[in-house]
Amino acid sequence: MRKKLIAGNWKMNLTFDEARRLFHELINLKYDSKLVDVLIAPPALYLSPLAIANSSDILIAAQNCHHEDKGAFTGEYSADMLASVRVDYCIVGHSERRAMFNESDEQIAQKVSACYSNEITPILCCGETLEERRSSAHFDRITTQIDAAIKHLKDHQARSLVIAYEPVWAIGTGETASAAQAQEMHQFIRKLIAMQFDAGVADQVRILYGGSMKPGNAHELLAMGDVDGGLIGGASLDYESFRDIIAFA
Ligand code: PGA
């Protein structure tokens with residue numbers, strides 16, 4: 001039985017005071033950490049102070065990292081640095097990074113490897129555009145994204161991988177994939193993992209849904225057999241909304 005994971009992606013939102021306030025509400029939230037993992041991905045410059053102040057089971061993730069451990073890459077930070085400030089997870093290949101910062105499948109695969117080399121668990125994002133879905137190219141697009149990122153992994157690494165399926169047309173748009181669409185794609189992704197490794201590995205990989213998840217649709221999405229949690233943007237910035245989604249997990 002896979003443990004659910006409810007992850008909040010704060011993106012480039014909240015001042016430090018606002019972030020601290022939300023964080024304190026969350027660390028005081030009562031939930032059963034044996035049944036569900038709760039994770040937040042704050043902006044990079046808040047990671048260290050929040051990790052130090054973390055007296056709860058809440059997991060902390062970065063939203064990105066560079067694939068090299070160090071060097072002349074002004075403005076960047078590495079998985080090695082994230083590990084040194086006690087960050088456990090890192091979102092990799094979010095569609096906003098793919099589209100706005102031109103991240104390629106190859107770079108994303110390098111970032112996934114850098115995370116594993118530094119004992120950071122990657123949350124690998126994938127997702128098709130509206131055009132790709134309309135032209136029935138969505139399964140091919142997801143296959144390319146996933147295969148590029150997992151082909152270099154060892155079995156033991158793949159077992160701990162978290163994948164977030166986030167259809168680009170559903171991110172921040174208020175439009176959500178139906179529970180049936182999410183389940184269909186999650187099942188497909190699990191098959192890709194089974195083909196590369198085996199069914200035992202595929203069974204352990206957690207696959208999150210992302211794209212306008214909110215209290216009003218979380219219950220239905222999280223009830224699907226292959227939906228192991230959510231990667232939540234907008235609704236994770238509001239304490240009550242995020243708390244209500246956690247309660248459905
Ligand atoms: P959203 O964002 O919940 O605001 O659609 C999800 C994400 O981009 O991770």
# chains A, B, ... in the order shown; residues from 1 in each chain; ligands from 1

call {"tool": "residues_around", "arguments": {"residues": "range 100-104 of chain A", "least_positions_apart": "6", "cutoff": "10 Å", "atoms": "only C-alpha atoms", "output": "PDB file with all heavy atoms, in the first residue's frame"}}
result
ATOM      1  N   VAL A  92      11.522  18.488  -9.881  1.00  0.00           N
ATOM      2  CA  VAL A  92      12.401  18.554 -11.055  1.00  0.00           C
ATOM      3  C   VAL A  92      11.535  18.524 -12.319  1.00  0.00           C
ATOM      4  O   VAL A  92      10.610  17.721 -12.422  1.00  0.00           O
ATOM      5  CB  VAL A  92      13.388  17.349 -11.054  1.00  0.00           C
ATOM      6  CG1 VAL A  92      14.243  17.355 -12.309  1.00  0.00           C
ATOM      7  CG2 VAL A  92      14.273  17.367  -9.819  1.00  0.00           C
ATOM      8  N   GLY A  93      11.844  19.431 -13.235  1.00  0.00           N
ATOM      9  CA  GLY A  93      11.165  19.407 -14.541  1.00  0.00           C
ATOM     10  C   GLY A  93       9.726  19.878 -14.501  1.00  0.00           C
ATOM     11  O   GLY A  93       8.898  19.431 -15.319  1.00  0.00           O
ATOM     12  N   HIS A  94       9.420  20.797 -13.598  1.00  0.00           N
ATOM     13  CA  HIS A  94       8.063  21.374 -13.603  1.00  0.00           C
ATOM     14  C   HIS A  94       7.791  21.994 -14.977  1.00  0.00           C
ATOM     15  O   HIS A  94       8.709  22.548 -15.599  1.00  0.00           O
ATOM     16  CB  HIS A  94       7.939  22.421 -12.494  1.00  0.00           C
ATOM     17  CG  HIS A  94       6.528  22.874 -12.285  1.00  0.00           C
ATOM     18  ND1 HIS A  94       5.939  23.803 -13.105  1.00  0.00           N
ATOM     19  CD2 HIS A  94       5.584  22.497 -11.377  1.00  0.00           C
ATOM     20  CE1 HIS A  94       4.677  23.976 -12.700  1.00  0.00           C
ATOM     21  NE2 HIS A  94       4.439  23.204 -11.658  1.00  0.00           N
ATOM     22  N   GLN A 110      19.515  14.801 -15.897  1.00  0.00           N
ATOM     23  CA  GLN A 110      20.754  15.084 -15.132  1.00  0.00           C
ATOM     24  C   GLN A 110      20.423  15.573 -13.727  1.00  0.00           C
ATOM     25  O   GLN A 110      21.105  15.257 -12.761  1.00  0.00           O
ATOM     26  CB  GLN A 110      21.589  16.140 -15.861  1.00  0.00           C
ATOM     27  CG  GLN A 110      22.273  15.605 -17.100  1.00  0.00           C
ATOM     28  CD  GLN A 110      23.029  16.716 -17.824  1.00  0.00           C
ATOM     29  OE1 GLN A 110      22.461  17.747 -18.175  1.00  0.00           O
ATOM     30  NE2 GLN A 110      24.311  16.512 -18.026  1.00  0.00           N
ATOM     31  N   GLN A 145       9.043  12.004 -21.839  1.00  0.00           N
ATOM     32  CA  GLN A 145       9.505  12.701 -20.621  1.00  0.00           C
ATOM     33  C   GLN A 145       9.948  11.705 -19.542  1.00  0.00           C
ATOM     34  O   GLN A 145      10.984  11.879 -18.915  1.00  0.00           O
ATOM     35  CB  GLN A 145       8.380  13.589 -20.074  1.00  0.00           C
ATOM     36  CG  GLN A 145       8.074  14.794 -20.960  1.00  0.00           C
ATOM     37  CD  GLN A 145       6.883  15.595 -20.469  1.00  0.00           C
ATOM     38  OE1 GLN A 145       6.025  15.097 -19.750  1.00  0.00           O
ATOM     39  NE2 GLN A 145       6.814  16.853 -20.873  1.00  0.00           N
ATOM     40  N   ALA A 148      13.192   9.427 -20.587  1.00  0.00           N
ATOM     41  CA  ALA A 148      14.465  10.166 -20.539  1.00  0.00           C
ATOM     42  C   ALA A 148      14.965  10.278 -19.100  1.00  0.00           C
ATOM     43  O   ALA A 148      16.169  10.185 -18.845  1.00  0.00           O
ATOM     44  CB  ALA A 148      14.268  11.564 -21.120  1.00  0.00           C
TER      45      ALA A 148
END

call {"tool": "closest_atom_pairs", "arguments": {"of": "chain A", "to": "ligand 1", "cutoff": "9 Å", "atoms": "only C-alpha atoms and all ligand atoms", "output": "Markdown table"}}
result
| residue | atom | partner | partner_atom_place_in_ligand_line | distance |
| --- | --- | --- | --- | --- |
| A:Ala7 | CA | ligand 1 | 9 (O) | 8.6 |
| A:Gly8 | CA | ligand 1 | 9 (O) | 7.6 |
| A:Asn9 | CA | ligand 1 | 9 (O) | 5.5 |
| A:Trp10 | CA | ligand 1 | 9 (O) | 8.3 |
| A:Lys11 | CA | ligand 1 | 8 (O) | 7.9 |
| A:His94 | CA | ligand 1 | 8 (O) | 7.1 |
| A:Ser95 | CA | ligand 1 | 8 (O) | 7.4 |
| A:Glu96 | CA | ligand 1 | 8 (O) | 7.5 |
| A:Cys125 | CA | ligand 1 | 9 (O) | 8.5 |
| A:Ala164 | CA | ligand 1 | 9 (O) | 8.2 |
| A:Glu166 | CA | ligand 1 | 7 (C) | 6.9 |
| A:Val168 | CA | ligand 1 | 8 (O) | 8.2 |
| A:Trp169 | CA | ligand 1 | 5 (O) | 8.9 |
| A:Ala170 | CA | ligand 1 | 5 (O) | 6.0 |
| A:Ile171 | CA | ligand 1 | 5 (O) | 3.4 |
| A:Gly172 | CA | ligand 1 | 5 (O) | 3.6 |
| A:Thr173 | CA | ligand 1 | 5 (O) | 6.3 |
| A:Gly174 | CA | ligand 1 | 5 (O) | 6.8 |
| A:Glu175 | CA | ligand 1 | 5 (O) | 8.2 |
| A:Thr176 | CA | ligand 1 | 5 (O) | 8.1 |
| A:Tyr209 | CA | ligand 1 | 6 (C) | 8.7 |
| A:Gly210 | CA | ligand 1 | 6 (C) | 5.0 |
| A:Gly211 | CA | ligand 1 | 5 (O) | 3.7 |
| A:Ser212 | CA | ligand 1 | 5 (O) | 3.6 |
| A:Met213 | CA | ligand 1 | 3 (O) | 5.2 |
| A:Lys214 | CA | ligand 1 | 3 (O) | 7.4 |
| A:Gly230 | CA | ligand 1 | 9 (O) | 8.5 |
| A:Leu231 | CA | ligand 1 | 9 (O) | 5.1 |
| A:Ile232 | CA | ligand 1 | 3 (O) | 4.1 |
| A:Gly233 | CA | ligand 1 | 3 (O) | 3.5 |
| A:Gly234 | CA | ligand 1 | 4 (O) | 3.8 |
| A:Ala235 | CA | ligand 1 | 3 (O) | 6.1 |
| A:Ser236 | CA | ligand 1 | 3 (O) | 7.5 |

call {"tool": "residues_around", "arguments": {"residues": "range 153-160 of chain A", "least_positions_apart": "4", "cutoff": "9 Å", "atoms": "only C-alpha atoms", "output": "ChimeraX atom specification"}}
result
/A:112-113,116,121-122,149,193,197-198,200-206

call {"tool": "atom_distance", "arguments": {"atom1": "CA of Asp105 in chain A", "atom2": "CA of Ile150 in chain A"}}
result
10.6 Å

call {"tool": "select_by_dssp", "arguments": {"residues": "range 1-242 of chain A", "states": "strand (DSSP E or B)", "output": "MDAnalysis selection string"}}
result
chainID A and resid 4:9 36:41 59:62 66 78 89:92 121:126 162:165 206:210 229:232

call {"tool": "select_by_dssp", "arguments": {"residues": "range 2-220 of chain A", "states": "alpha helix (DSSP H)", "output": "ChimeraX atom specification"}}
result
/A:16-27,47-53,79-84,95-100,105-117,130-134,138-150,155-160,179-196,199-204,215-220

call {"tool": "decode", "arguments": {"residues": "range 55-76 of chain A", "atoms": "C-alpha atoms", "output": "PDB file, in the first residue's frame"}}
result
ATOM      1  CA  SER A  55       9.711  20.653  14.533  1.00  0.00           C
ATOM      2  CA  SER A  56       7.114  18.533  12.710  1.00  0.00           C
ATOM      3  CA  ASP A  57       6.855  15.662  10.209  1.00  0.00           C
ATOM      4  CA  ILE A  58       6.322  18.104   7.335  1.00  0.00           C
ATOM      5  CA  LEU A  59       8.750  17.394   4.507  1.00  0.00           C
ATOM      6  CA  ILE A  60      10.547  20.236   2.780  1.00  0.00           C
ATOM      7  CA  ALA A  61      11.330  20.341  -0.924  1.00  0.00           C
ATOM      8  CA  ALA A  62      13.098  22.693  -3.273  1.00  0.00           C
ATOM      9  CA  GLN A  63      11.369  23.698  -6.499  1.00  0.00           C
ATOM     10  CA  ASN A  64      14.458  23.186  -8.636  1.00  0.00           C
ATOM     11  CA  CYS A  65      18.220  22.555  -8.526  1.00  0.00           C
ATOM     12  CA  HIS A  66      21.197  22.680 -10.875  1.00  0.00           C
ATOM     13  CA  HIS A  67      22.594  19.370 -12.109  1.00  0.00           C
ATOM     14  CA  GLU A  68      26.224  20.161 -11.177  1.00  0.00           C
ATOM     15  CA  ASP A  69      27.305  20.066  -7.525  1.00  0.00           C
ATOM     16  CA  LYS A  70      29.195  23.369  -7.718  1.00  0.00           C
ATOM     17  CA  GLY A  71      30.828  25.815 -10.097  1.00  0.00           C
ATOM     18  CA  ALA A  72      30.476  29.112 -11.935  1.00  0.00           C
ATOM     19  CA  PHE A  73      26.695  29.094 -12.392  1.00  0.00           C
ATOM     20  CA  THR A  74      25.633  32.501 -11.064  1.00  0.00           C
ATOM     21  CA  GLY A  75      22.220  32.462  -9.456  1.00  0.00           C
ATOM     22  CA  GLU A  76      21.949  28.679  -9.310  1.00  0.00           C
TER      23      GLU A  76
END
